[in-house]
$ cat upload06.cif   # mmCIF, C-alpha atoms and all ligand atoms
data_final
#
loop_
_atom_site.label_atom_id
_atom_site.label_comp_id
_atom_site.auth_asym_id
_atom_site.auth_seq_id
_atom_site.Cartn_x
_atom_site.Cartn_y
_atom_site.Cartn_z
CA MET A 1 18.39 -2.46 -3.39
CA SER A 2 20.56 0.65 -3.74
CA THR A 3 21.90 3.33 -1.42
CA ARG A 4 21.28 7.04 -1.88
CA GLN A 5 23.03 10.03 -0.39
CA SER A 6 20.77 13.01 0.19
CA SER A 7 20.56 15.83 2.72
CA ASP A 8 19.70 13.01 5.13
CA PRO A 9 22.14 10.27 6.18
CA ILE A 10 22.36 7.20 3.94
CA MET A 11 19.04 5.90 2.72
CA VAL A 12 18.69 2.38 1.44
CA ILE A 13 16.11 2.06 -1.31
CA PRO A 14 13.99 -1.07 -0.93
CA GLN A 15 12.38 -2.76 -3.88
CA HIS A 16 8.94 -2.78 -2.28
CA VAL A 17 7.50 -0.24 0.18
CA ALA A 18 3.99 -0.59 1.60
CA ILE A 19 2.15 2.09 3.55
CA ILE A 20 -0.76 2.14 5.99
CA MET A 21 -1.84 5.75 5.49
CA ASP A 22 -3.35 6.31 8.93
CA GLY A 23 -4.37 9.48 10.73
CA ASN A 24 -6.46 11.38 8.18
CA GLY A 25 -9.40 11.60 10.58
CA ARG A 26 -7.29 12.95 13.45
CA TRP A 27 -5.56 15.43 11.13
CA ALA A 28 -9.00 16.82 10.22
CA GLU A 29 -10.30 16.79 13.79
CA GLN A 30 -7.25 18.79 14.96
CA ARG A 31 -8.30 21.49 12.49
CA GLY A 32 -12.01 21.37 13.31
CA LEU A 33 -12.71 19.93 9.85
CA PRO A 34 -14.90 17.00 8.79
CA ARG A 35 -13.09 13.64 8.51
CA LEU A 36 -13.43 13.69 4.74
CA ALA A 37 -11.27 16.81 4.58
CA GLY A 38 -8.55 14.69 6.16
CA HIS A 39 -8.97 11.98 3.53
CA ARG A 40 -8.81 14.68 0.84
CA ALA A 41 -5.55 16.01 2.31
CA GLY A 42 -4.33 12.40 2.50
CA THR A 43 -5.05 11.93 -1.19
CA GLU A 44 -3.07 15.07 -2.06
CA ASN A 45 -0.21 13.77 0.05
CA LEU A 46 -0.33 10.43 -1.70
CA ARG A 47 0.37 12.18 -5.01
CA LYS A 48 3.61 13.67 -3.60
CA ILE A 49 4.74 10.38 -2.09
CA ILE A 50 4.12 8.49 -5.34
CA GLU A 51 6.26 11.08 -7.18
CA GLU A 52 9.03 10.72 -4.63
CA CYS A 53 8.93 6.93 -4.90
CA ILE A 54 9.39 7.28 -8.66
CA ASN A 55 12.32 9.69 -8.12
CA LEU A 56 13.91 7.26 -5.70
CA GLU A 57 13.41 4.37 -8.13
CA ILE A 58 11.39 2.31 -5.70
CA LYS A 59 9.87 -0.41 -7.86
CA TYR A 60 6.75 -1.38 -5.91
CA LEU A 61 4.56 0.81 -3.71
CA THR A 62 1.52 -0.71 -2.00
CA ILE A 63 -0.98 1.60 -0.35
CA TYR A 64 -3.84 0.63 1.96
CA ALA A 65 -6.70 2.73 0.64
CA PHE A 66 -9.79 0.90 1.92
CA SER A 67 -10.04 -2.29 3.94
CA THR A 68 -12.78 -4.92 3.97
CA GLU A 69 -13.54 -3.65 7.50
CA ASN A 70 -13.83 0.01 6.45
CA TRP A 71 -17.39 -0.67 5.18
CA GLN A 72 -18.40 -0.43 8.84
CA ARG A 73 -17.59 3.30 8.93
CA PRO A 74 -20.43 5.85 8.69
CA PRO A 75 -22.02 5.64 5.23
CA GLU A 76 -21.04 9.23 4.30
CA GLU A 77 -17.38 8.45 5.02
CA VAL A 78 -17.55 5.24 2.95
CA SER A 79 -19.13 7.01 -0.01
CA GLY A 80 -16.68 9.89 0.40
CA LEU A 81 -13.71 7.50 0.20
CA MET A 82 -15.19 5.86 -2.91
CA ALA A 83 -15.65 9.29 -4.50
CA LEU A 84 -12.06 10.23 -3.63
CA LEU A 85 -10.67 7.16 -5.38
CA GLU A 86 -12.85 7.88 -8.39
CA ASN A 87 -11.73 11.54 -8.51
CA MET A 88 -8.13 10.51 -8.11
CA LEU A 89 -8.39 8.15 -11.07
CA ASP A 90 -10.13 10.87 -13.13
CA ARG A 91 -7.53 13.51 -12.29
CA GLU A 92 -4.28 11.59 -11.96
CA LEU A 93 -4.49 8.62 -14.31
CA LYS A 94 -3.03 10.43 -17.32
CA SER A 95 -0.02 11.71 -15.44
CA LEU A 96 0.54 8.41 -13.61
CA HIS A 97 0.50 6.66 -16.99
CA LYS A 98 2.87 9.23 -18.48
CA ASN A 99 5.25 8.66 -15.56
CA GLY A 100 5.32 4.92 -16.22
CA VAL A 101 3.24 3.87 -13.21
CA ARG A 102 1.54 0.51 -13.45
CA ILE A 103 -1.62 0.38 -11.35
CA ARG A 104 -2.64 -2.92 -9.80
CA HIS A 105 -5.70 -3.55 -7.68
CA LEU A 106 -5.34 -5.69 -4.56
CA GLY A 107 -8.79 -6.62 -3.33
CA HIS A 108 -12.15 -7.56 -4.76
CA CYS A 109 -15.01 -5.63 -6.27
CA ALA A 110 -18.02 -7.02 -4.38
CA GLY A 111 -20.10 -4.12 -3.06
CA VAL A 112 -18.21 -1.47 -5.03
CA ASN A 113 -20.30 0.61 -7.42
CA LYS A 114 -20.12 -0.42 -11.08
CA ARG A 115 -18.76 2.87 -12.37
CA LEU A 116 -15.83 2.76 -9.95
CA VAL A 117 -15.17 -0.92 -10.75
CA GLN A 118 -15.07 0.05 -14.43
CA LYS A 119 -12.63 2.91 -13.76
CA ILE A 120 -10.34 0.71 -11.70
CA SER A 121 -10.24 -1.93 -14.43
CA GLU A 122 -9.60 0.72 -17.12
CA ALA A 123 -6.70 2.12 -15.07
CA VAL A 124 -5.24 -1.36 -14.57
CA GLU A 125 -5.61 -2.12 -18.29
CA LEU A 126 -4.26 1.23 -19.55
CA THR A 127 -1.14 1.06 -17.39
CA SER A 128 -0.48 -2.67 -17.73
CA GLY A 129 2.61 -2.15 -19.90
CA ASN A 130 4.31 0.34 -17.55
CA SER A 131 7.29 -0.55 -15.43
CA SER A 132 8.79 2.45 -13.63
CA LEU A 133 6.69 1.86 -10.49
CA VAL A 134 4.06 -0.76 -9.70
CA LEU A 135 1.40 0.98 -7.58
CA ASN A 136 -0.66 -1.62 -5.75
CA VAL A 137 -3.87 -0.05 -4.54
CA ALA A 138 -5.23 -2.19 -1.72
CA PHE A 139 -8.86 -1.25 -2.03
CA ASN A 140 -11.65 -3.35 -0.53
CA TYR A 141 -8.75 -5.47 0.68
CA GLY A 142 -8.23 -7.61 3.74
CA GLY A 143 -5.31 -9.96 4.32
CA ARG A 144 -7.46 -12.71 5.80
CA ASP A 145 -10.05 -12.34 3.06
CA GLU A 146 -7.24 -12.62 0.50
CA MET A 147 -6.13 -15.92 2.06
CA VAL A 148 -9.66 -17.32 2.22
CA ARG A 149 -10.12 -16.52 -1.46
CA ALA A 150 -6.76 -18.11 -2.29
CA VAL A 151 -7.66 -21.33 -0.43
CA LYS A 152 -11.02 -21.51 -2.18
CA ARG A 153 -9.37 -21.15 -5.59
CA ILE A 154 -6.74 -23.75 -4.74
CA ILE A 155 -9.52 -26.18 -3.85
CA SER A 156 -11.64 -25.33 -6.88
CA ASP A 157 -8.56 -25.80 -9.11
CA GLY A 158 -8.40 -29.34 -7.76
CA LEU A 159 -4.88 -29.14 -6.32
CA SER A 160 -3.79 -31.90 -3.99
CA SER A 161 -2.38 -31.29 -0.51
CA ALA A 162 1.05 -32.41 -1.79
CA GLU A 163 1.01 -29.54 -4.28
CA VAL A 164 0.33 -26.87 -1.65
CA THR A 165 3.57 -25.04 -0.90
CA GLU A 166 4.40 -21.53 0.30
CA GLU A 167 5.23 -20.60 -3.27
CA LEU A 168 1.90 -21.92 -4.54
CA ILE A 169 -0.05 -19.95 -1.91
CA SER A 170 1.91 -16.78 -2.81
CA ASN A 171 0.91 -17.34 -6.42
CA TYR A 172 -2.77 -17.39 -5.47
CA LEU A 173 -2.62 -14.02 -3.70
CA TYR A 174 -3.35 -10.63 -5.33
CA THR A 175 0.40 -9.94 -5.21
CA ALA A 176 1.31 -13.04 -7.24
CA GLY A 177 4.63 -12.61 -8.98
CA GLN A 178 5.68 -9.61 -6.91
CA PRO A 179 8.39 -9.45 -4.24
CA ASP A 180 7.16 -9.25 -0.65
CA PRO A 181 7.29 -5.77 0.92
CA ASP A 182 10.73 -4.99 2.33
CA LEU A 183 9.49 -2.06 4.39
CA ILE A 184 6.01 -1.33 5.74
CA ILE A 185 5.32 2.16 7.05
CA ARG A 186 2.43 2.97 9.36
CA THR A 187 1.72 6.57 10.17
CA SER A 188 -0.16 8.16 13.08
CA GLY A 189 1.50 6.36 15.98
CA GLU A 190 -0.60 3.20 15.81
CA TYR A 191 1.21 -0.15 16.17
CA ARG A 192 -1.05 -2.62 14.40
CA ILE A 193 -1.08 -4.67 11.20
CA SER A 194 -4.83 -4.08 10.67
CA ASN A 195 -5.23 -7.03 8.30
CA PHE A 196 -2.73 -5.60 5.80
CA LEU A 197 -0.52 -7.97 3.75
CA VAL A 198 -0.79 -10.59 6.48
CA TRP A 199 1.01 -13.31 4.46
CA GLN A 200 3.41 -11.06 2.55
CA SER A 201 4.72 -9.21 5.63
CA ALA A 202 6.33 -12.29 7.21
CA TYR A 203 9.82 -10.76 6.94
CA SER A 204 9.07 -7.09 6.32
CA GLU A 205 10.73 -4.39 8.37
CA TRP A 206 8.13 -2.17 10.09
CA TYR A 207 8.53 1.57 10.53
CA PHE A 208 6.10 3.43 12.79
CA THR A 209 5.95 7.20 12.93
CA PRO A 210 3.71 9.55 14.93
CA ALA A 211 3.23 11.74 11.82
CA LEU A 212 -0.37 11.76 10.62
CA TRP A 213 -0.66 10.67 6.98
CA PRO A 214 -1.37 14.12 5.47
CA ASP A 215 1.86 15.34 7.19
CA PHE A 216 4.00 12.40 6.07
CA ASN A 217 6.11 14.28 3.52
CA GLU A 218 9.16 13.41 1.43
CA LYS A 219 11.49 14.11 4.36
CA GLU A 220 9.52 11.65 6.52
CA LEU A 221 9.83 9.07 3.73
CA HIS A 222 13.59 9.65 3.63
CA GLN A 223 13.76 9.08 7.38
CA ALA A 224 11.93 5.77 6.95
CA LEU A 225 14.49 4.76 4.30
CA VAL A 226 17.36 5.70 6.59
CA PHE A 227 15.76 3.52 9.28
CA PHE A 228 15.45 0.73 6.71
CA GLY A 229 19.16 1.10 5.94
CA SER A 230 19.97 0.57 9.61
CA ARG A 231 18.20 -2.78 9.82
CA GLU A 232 19.99 -6.11 9.55
CA ARG A 233 17.63 -8.45 7.76
CA ARG A 234 18.40 -11.96 8.90
CA PHE A 235 15.38 -13.89 7.61
CA GLY A 236 15.72 -16.36 10.47
CA GLN A 237 19.49 -16.75 10.15
CA VAL A 238 22.22 -15.31 12.41
CA SER A 239 24.38 -12.24 11.74
CA ALA A 240 27.47 -14.24 10.78
CA GLN A 241 25.58 -15.92 7.97
CA ILE A 242 24.42 -12.67 6.39
CA GLY A 243 27.90 -11.47 5.46
C1 LIG B 1 -6.96 5.84 7.75
O1 LIG B 1 -7.10 7.06 8.45
C2 LIG B 1 -7.14 6.07 6.34
C3 LIG B 1 -8.06 5.45 5.55
C4 LIG B 1 -9.03 4.47 6.05
C5 LIG B 1 -8.15 5.77 4.14
C6 LIG B 1 -6.85 6.08 3.49
C7 LIG B 1 -7.17 6.86 2.31
C8 LIG B 1 -6.45 7.90 1.81
C9 LIG B 1 -5.16 8.37 2.30
C10 LIG B 1 -6.94 8.65 0.68
C11 LIG B 1 -6.50 7.99 -0.58
C12 LIG B 1 -7.51 7.01 -0.79
C13 LIG B 1 -8.00 6.67 -1.90
C14 LIG B 1 -9.29 5.99 -1.82
C15 LIG B 1 -7.30 6.97 -3.15
P1 LIG B 1 -8.25 7.15 9.54
O2 LIG B 1 -9.47 7.62 8.86
O3 LIG B 1 -8.41 5.83 10.20
O4 LIG B 1 -7.67 8.21 10.51
P2 LIG B 1 -7.90 8.26 12.07
O5 LIG B 1 -7.30 7.00 12.64
O6 LIG B 1 -7.15 9.49 12.49
O7 LIG B 1 -9.37 8.38 12.32
#

$ encode --input "upload06.cif" --output "structure tokens"
Amino acid sequence: MSTRQSSDPIMVIPQHVAIIMDGNGRWAEQRGLPRLAGHRAGTENLRKIIEECINLEIKYLTIYAFSTENWQRPPEEVSGLMALLENMLDRELKSLHKNGVRIRHLGHCAGVNKRLVQKISEAVELTSGNSSLVLNVAFNYGGRDEMVRAVKRIISDGLSSAEVTEELISNYLYTAGQPDPDLIIRTSGEYRISNFLVWQSAYSEWYFTPALWPDFNEKELHQALVFFGSRERRFGQVSAQIG
């Protein structure tokens, strides 16, 4: 972790930031636009925030793009979100790759159309050697689903109960080998986890802001990092032990 002086007070730069990009629908409704216009604006905003994370030398950024529960939305919204991810990969992959972004997929591909599955796996493969920023795209992701899949694999790998440790479970999750998120941001004034990184968030700091995702700009991100800098992370210990 490092500290950064900017026009804002001191920011502390975490290793791993995760974001629940909420409020696209309300942003659109406030403008009398269809919900998909909000998701489109959210996608544009995502591009800016990724760039700022690279500038700030954040090493891991995890974004919640589509949950296992989002299939229950109206079919035109679901297909619109799929198309947005596909367009984003078509338009942005080259520049993400050039900027050293490594794309990882958190989630599974059941139910996702073959062409999109192919594009996701090409993006993951193309960028696998990059290291400036790991961009975890939680797509068709649910924290409980992730744990169920991990338990099933642990059983099918024939591991004994004595071998099951916290470290082993972490290594069976999509985020295996990565640090847990230090800071999780949720936009739009909602105070819920919504099945996001349920295991990994055990000791994350949470930052909630009323800003709707398309309005969550670089300045808002800086404010979240200032907030992060103000937190004392005790991980179950007491202040005197932290030093
Ligand atoms: C929550 O807002 C947002 C989502 C379910 C999707 C997030 C997706 C993006 C920001 C676009 C980038 C995505 C991809 C696929 C690259 P909401 O729709 O729940 O908003 P509301 O609570 O105001 O209705």

$ closest_atom_pairs --input "upload06.cif" --of "chain A" --to "ligand LIG 1 (chain B)" --cutoff "10 Å" --atoms "only C-alpha atoms and all ligand atoms" --output "tab-separated table"
residue	atom	partner	partner_atom	distance
A:Ile19	CA	B:LIG1	C9	9.7
A:Ile20	CA	B:LIG1	C1	7.4
A:Met21	CA	B:LIG1	C9	5.3
A:Asp22	CA	B:LIG1	C1	3.8
A:Gly23	CA	B:LIG1	O6	3.3
A:Asn24	CA	B:LIG1	O4	4.1
A:Gly25	CA	B:LIG1	O6	3.6
A:Arg26	CA	B:LIG1	O6	3.6
A:Trp27	CA	B:LIG1	O6	6.3
A:Ala28	CA	B:LIG1	O6	7.9
A:Glu29	CA	B:LIG1	O6	8.1
A:Gln30	CA	B:LIG1	O6	9.6
A:Arg35	CA	B:LIG1	O2	7.0
A:Leu36	CA	B:LIG1	O2	8.3
A:Gly38	CA	B:LIG1	O2	7.6
A:His39	CA	B:LIG1	C10	4.8
A:Arg40	CA	B:LIG1	C10	6.3
A:Ala41	CA	B:LIG1	C9	7.6
A:Gly42	CA	B:LIG1	C9	4.1
A:Thr43	CA	B:LIG1	C10	4.2
A:Glu44	CA	B:LIG1	C10	8.0
A:Asn45	CA	B:LIG1	C9	7.7
A:Leu46	CA	B:LIG1	C9	6.6
A:Arg47	CA	B:LIG1	C11	9.2
A:Ile63	CA	B:LIG1	C6	8.3
A:Tyr64	CA	B:LIG1	C6	6.4
A:Ala65	CA	B:LIG1	C6	4.4
A:Phe66	CA	B:LIG1	C4	5.5
A:Ser67	CA	B:LIG1	C4	7.2
A:Glu69	CA	B:LIG1	C4	9.4
A:Asn70	CA	B:LIG1	C4	6.6
A:Trp71	CA	B:LIG1	C4	9.9
A:Arg73	CA	B:LIG1	C4	9.1
A:Glu77	CA	B:LIG1	O2	8.8
A:Val78	CA	B:LIG1	C4	9.1
A:Gly80	CA	B:LIG1	C14	8.6
A:Leu81	CA	B:LIG1	C14	5.1
A:Met82	CA	B:LIG1	C14	6.0
A:Ala83	CA	B:LIG1	C14	7.6
A:Leu84	CA	B:LIG1	C14	5.4
A:Leu85	CA	B:LIG1	C14	4.0
A:Glu86	CA	B:LIG1	C15	7.7
A:Asn87	CA	B:LIG1	C15	8.3
A:Met88	CA	B:LIG1	C15	6.1
A:Leu89	CA	B:LIG1	C15	8.1
A:Val137	CA	B:LIG1	C15	7.9
A:Ala138	CA	B:LIG1	C14	9.1
A:Phe139	CA	B:LIG1	C14	7.3
A:Asn140	CA	B:LIG1	C14	9.7
A:Arg186	CA	B:LIG1	C1	9.9
A:Thr187	CA	B:LIG1	O1	9.0
A:Ser188	CA	B:LIG1	O6	7.1
A:Gly189	CA	B:LIG1	O5	9.4
A:Glu190	CA	B:LIG1	O5	8.3
A:Leu212	CA	B:LIG1	O6	7.4
A:Trp213	CA	B:LIG1	C9	6.9
A:Pro214	CA	B:LIG1	C9	7.6

$ closest_residue --input "upload06.cif" --among "A:Asp157, A:Ser194, A:Gln178, A:Phe208" --to "A:Leu221" --atoms "only C-alpha atoms"
A:Phe208

$ closest_residue --input "upload06.cif" --among "A:Ile185, A:Ser128, A:Ser201, A:Arg102" --to "A:Ala224" --atoms "all atoms listed in the file"
A:Ile185

$ residues_around --input "upload06.cif" --residues "A:Ser131" --least-positions-apart "2" --cutoff "9 Å" --atoms "all atoms listed in the file" --output "list in words"
Lys59, Gly100, Val101, Arg102, Thr127, Ser128, Gly129, Leu133 and Val134 of chain A

$ atom_distance --input "upload06.cif" --atom1 "atom CA of A:Glu76" --atom2 "atom CA of A:Leu116"
16.5 Å

$ atom_distance --input "upload06.cif" --atom1 "atom CA of A:Gly142" --atom2 "atom CA of A:Leu197"
7.7 Å

$ atom_distance --input "upload06.cif" --atom1 "atom CA of A:Ile193" --atom2 "atom CA of A:Pro181"
13.3 Å

$ closest_residue --input "upload06.cif" --among "A:Arg192, A:His97, A:Arg153, A:Lys114" --to "A:Leu126" --atoms "all atoms listed in the file"
A:His97

$ residues_around --input "upload06.cif" --residues "stretch 12-14 of chain A" --least-positions-apart "3" --cutoff "12 Å" --atoms "all atoms listed in the file" --output "JSON list (two decimals) with C-alpha atoms, in the coordinates of the input"
[["chain", "number", "residue", "atom", "x", "y", "z"],
["A", 1, "MET", "CA", 18.39, -2.46, -3.39],
["A", 2, "SER", "CA", 20.56, 0.65, -3.74],
["A", 3, "THR", "CA", 21.90, 3.33, -1.42],
["A", 4, "ARG", "CA", 21.28, 7.04, -1.88],
["A", 5, "GLN", "CA", 23.03, 10.03, -0.39],
["A", 6, "SER", "CA", 20.77, 13.01, 0.19],
["A", 8, "ASP", "CA", 19.70, 13.01, 5.13],
["A", 9, "PRO", "CA", 22.14, 10.27, 6.18],
["A", 17, "VAL", "CA", 7.50, -0.24, 0.18],
["A", 18, "ALA", "CA", 3.99, -0.59, 1.60],
["A", 52, "GLU", "CA", 9.03, 10.72, -4.63],
["A", 53, "CYS", "CA", 8.93, 6.93, -4.90],
["A", 54, "ILE", "CA", 9.39, 7.28, -8.66],
["A", 55, "ASN", "CA", 12.32, 9.69, -8.12],
["A", 56, "LEU", "CA", 13.91, 7.26, -5.70],
["A", 57, "GLU", "CA", 13.41, 4.37, -8.13],
["A", 58, "ILE", "CA", 11.39, 2.31, -5.70],
["A", 59, "LYS", "CA", 9.87, -0.41, -7.86],
["A", 60, "TYR", "CA", 6.75, -1.38, -5.91],
["A", 61, "LEU", "CA", 4.56, 0.81, -3.71],
["A", 179, "PRO", "CA", 8.39, -9.45, -4.24],
["A", 180, "ASP", "CA", 7.16, -9.25, -0.65],
["A", 181, "PRO", "CA", 7.29, -5.77, 0.92],
["A", 182, "ASP", "CA", 10.73, -4.99, 2.33],
["A", 183, "LEU", "CA", 9.49, -2.06, 4.39],
["A", 184, "ILE", "CA", 6.01, -1.33, 5.74],
["A", 204, "SER", "CA", 9.07, -7.09, 6.32],
["A", 205, "GLU", "CA", 10.73, -4.39, 8.37],
["A", 221, "LEU", "CA", 9.83, 9.07, 3.73],
["A", 222, "HIS", "CA", 13.59, 9.65, 3.63],
["A", 223, "GLN", "CA", 13.76, 9.08, 7.38],
["A", 224, "ALA", "CA", 11.93, 5.77, 6.95],
["A", 225, "LEU", "CA", 14.49, 4.76, 4.30],
["A", 226, "VAL", "CA", 17.36, 5.70, 6.59],
["A", 227, "PHE", "CA", 15.76, 3.52, 9.28],
["A", 228, "PHE", "CA", 15.45, 0.73, 6.71],
["A", 229, "GLY", "CA", 19.16, 1.10, 5.94],
["A", 230, "SER", "CA", 19.97, 0.57, 9.61],
["A", 231, "ARG", "CA", 18.20, -2.78, 9.82],
["A", 232, "GLU", "CA", 19.99, -6.11, 9.55],
["A", 233, "ARG", "CA", 17.63, -8.45, 7.76]]

$ build_atoms --input "upload06.cif" --residues "stretch 78-102 of chain A" --atoms "N, CA and C atoms" --output "short mmCIF file (atom, residue, chain, number, x, y, z; two decimals), keeping the file's coordinate frame"
data_model
loop_
_atom_site.label_atom_id
_atom_site.label_comp_id
_atom_site.auth_asym_id
_atom_site.auth_seq_id
_atom_site.Cartn_x
_atom_site.Cartn_y
_atom_site.Cartn_z
N VAL A 78 -17.80 6.29 3.95
CA VAL A 78 -17.55 5.24 2.95
C VAL A 78 -17.76 5.81 1.55
N SER A 79 -18.89 6.50 1.35
CA SER A 79 -19.13 7.01 -0.01
C SER A 79 -18.13 8.11 -0.36
N GLY A 80 -17.69 8.87 0.65
CA GLY A 80 -16.68 9.89 0.40
C GLY A 80 -15.36 9.28 -0.05
N LEU A 81 -14.97 8.16 0.58
CA LEU A 81 -13.71 7.50 0.20
C LEU A 81 -13.80 6.93 -1.22
N MET A 82 -14.99 6.39 -1.54
CA MET A 82 -15.19 5.86 -2.91
C MET A 82 -15.05 7.00 -3.92
N ALA A 83 -15.69 8.14 -3.59
CA ALA A 83 -15.65 9.29 -4.50
C ALA A 83 -14.21 9.80 -4.66
N LEU A 84 -13.45 9.75 -3.56
CA LEU A 84 -12.06 10.23 -3.63
C LEU A 84 -11.22 9.36 -4.57
N LEU A 85 -11.44 8.04 -4.49
CA LEU A 85 -10.67 7.16 -5.38
C LEU A 85 -11.07 7.44 -6.82
N GLU A 86 -12.37 7.61 -7.03
CA GLU A 86 -12.85 7.88 -8.39
C GLU A 86 -12.25 9.19 -8.92
N ASN A 87 -12.30 10.24 -8.09
CA ASN A 87 -11.73 11.54 -8.51
C ASN A 87 -10.24 11.42 -8.78
N MET A 88 -9.58 10.64 -7.93
CA MET A 88 -8.13 10.51 -8.11
C MET A 88 -7.84 9.85 -9.46
N LEU A 89 -8.61 8.82 -9.78
CA LEU A 89 -8.39 8.15 -11.07
C LEU A 89 -8.69 9.12 -12.21
N ASP A 90 -9.78 9.90 -12.07
CA ASP A 90 -10.13 10.87 -13.13
C ASP A 90 -9.02 11.89 -13.32
N ARG A 91 -8.48 12.39 -12.19
CA ARG A 91 -7.53 13.51 -12.29
C ARG A 91 -6.09 13.07 -12.54
N GLU A 92 -5.72 11.93 -11.97
CA GLU A 92 -4.28 11.59 -11.96
C GLU A 92 -3.87 10.50 -12.95
N LEU A 93 -4.86 9.80 -13.51
CA LEU A 93 -4.49 8.62 -14.31
C LEU A 93 -3.54 8.96 -15.45
N LYS A 94 -3.86 10.06 -16.17
CA LYS A 94 -3.03 10.43 -17.32
C LYS A 94 -1.57 10.62 -16.90
N SER A 95 -1.40 11.41 -15.82
CA SER A 95 -0.02 11.71 -15.44
C SER A 95 0.67 10.48 -14.83
N LEU A 96 -0.07 9.65 -14.12
CA LEU A 96 0.54 8.41 -13.61
C LEU A 96 1.01 7.56 -14.78
N HIS A 97 0.17 7.47 -15.80
CA HIS A 97 0.50 6.66 -16.99
C HIS A 97 1.74 7.23 -17.68
N LYS A 98 1.74 8.57 -17.82
CA LYS A 98 2.87 9.23 -18.48
C LYS A 98 4.18 8.98 -17.70
N ASN A 99 4.05 8.89 -16.38
CA ASN A 99 5.25 8.66 -15.56
C ASN A 99 5.61 7.17 -15.43
N GLY A 100 4.94 6.35 -16.20
CA GLY A 100 5.32 4.92 -16.22
C GLY A 100 4.83 4.11 -15.04
N VAL A 101 3.76 4.60 -14.38
CA VAL A 101 3.24 3.87 -13.21
C VAL A 101 2.27 2.78 -13.68
N ARG A 102 2.48 1.61 -13.18
CA ARG A 102 1.54 0.51 -13.45
C ARG A 102 0.63 0.34 -12.25
#
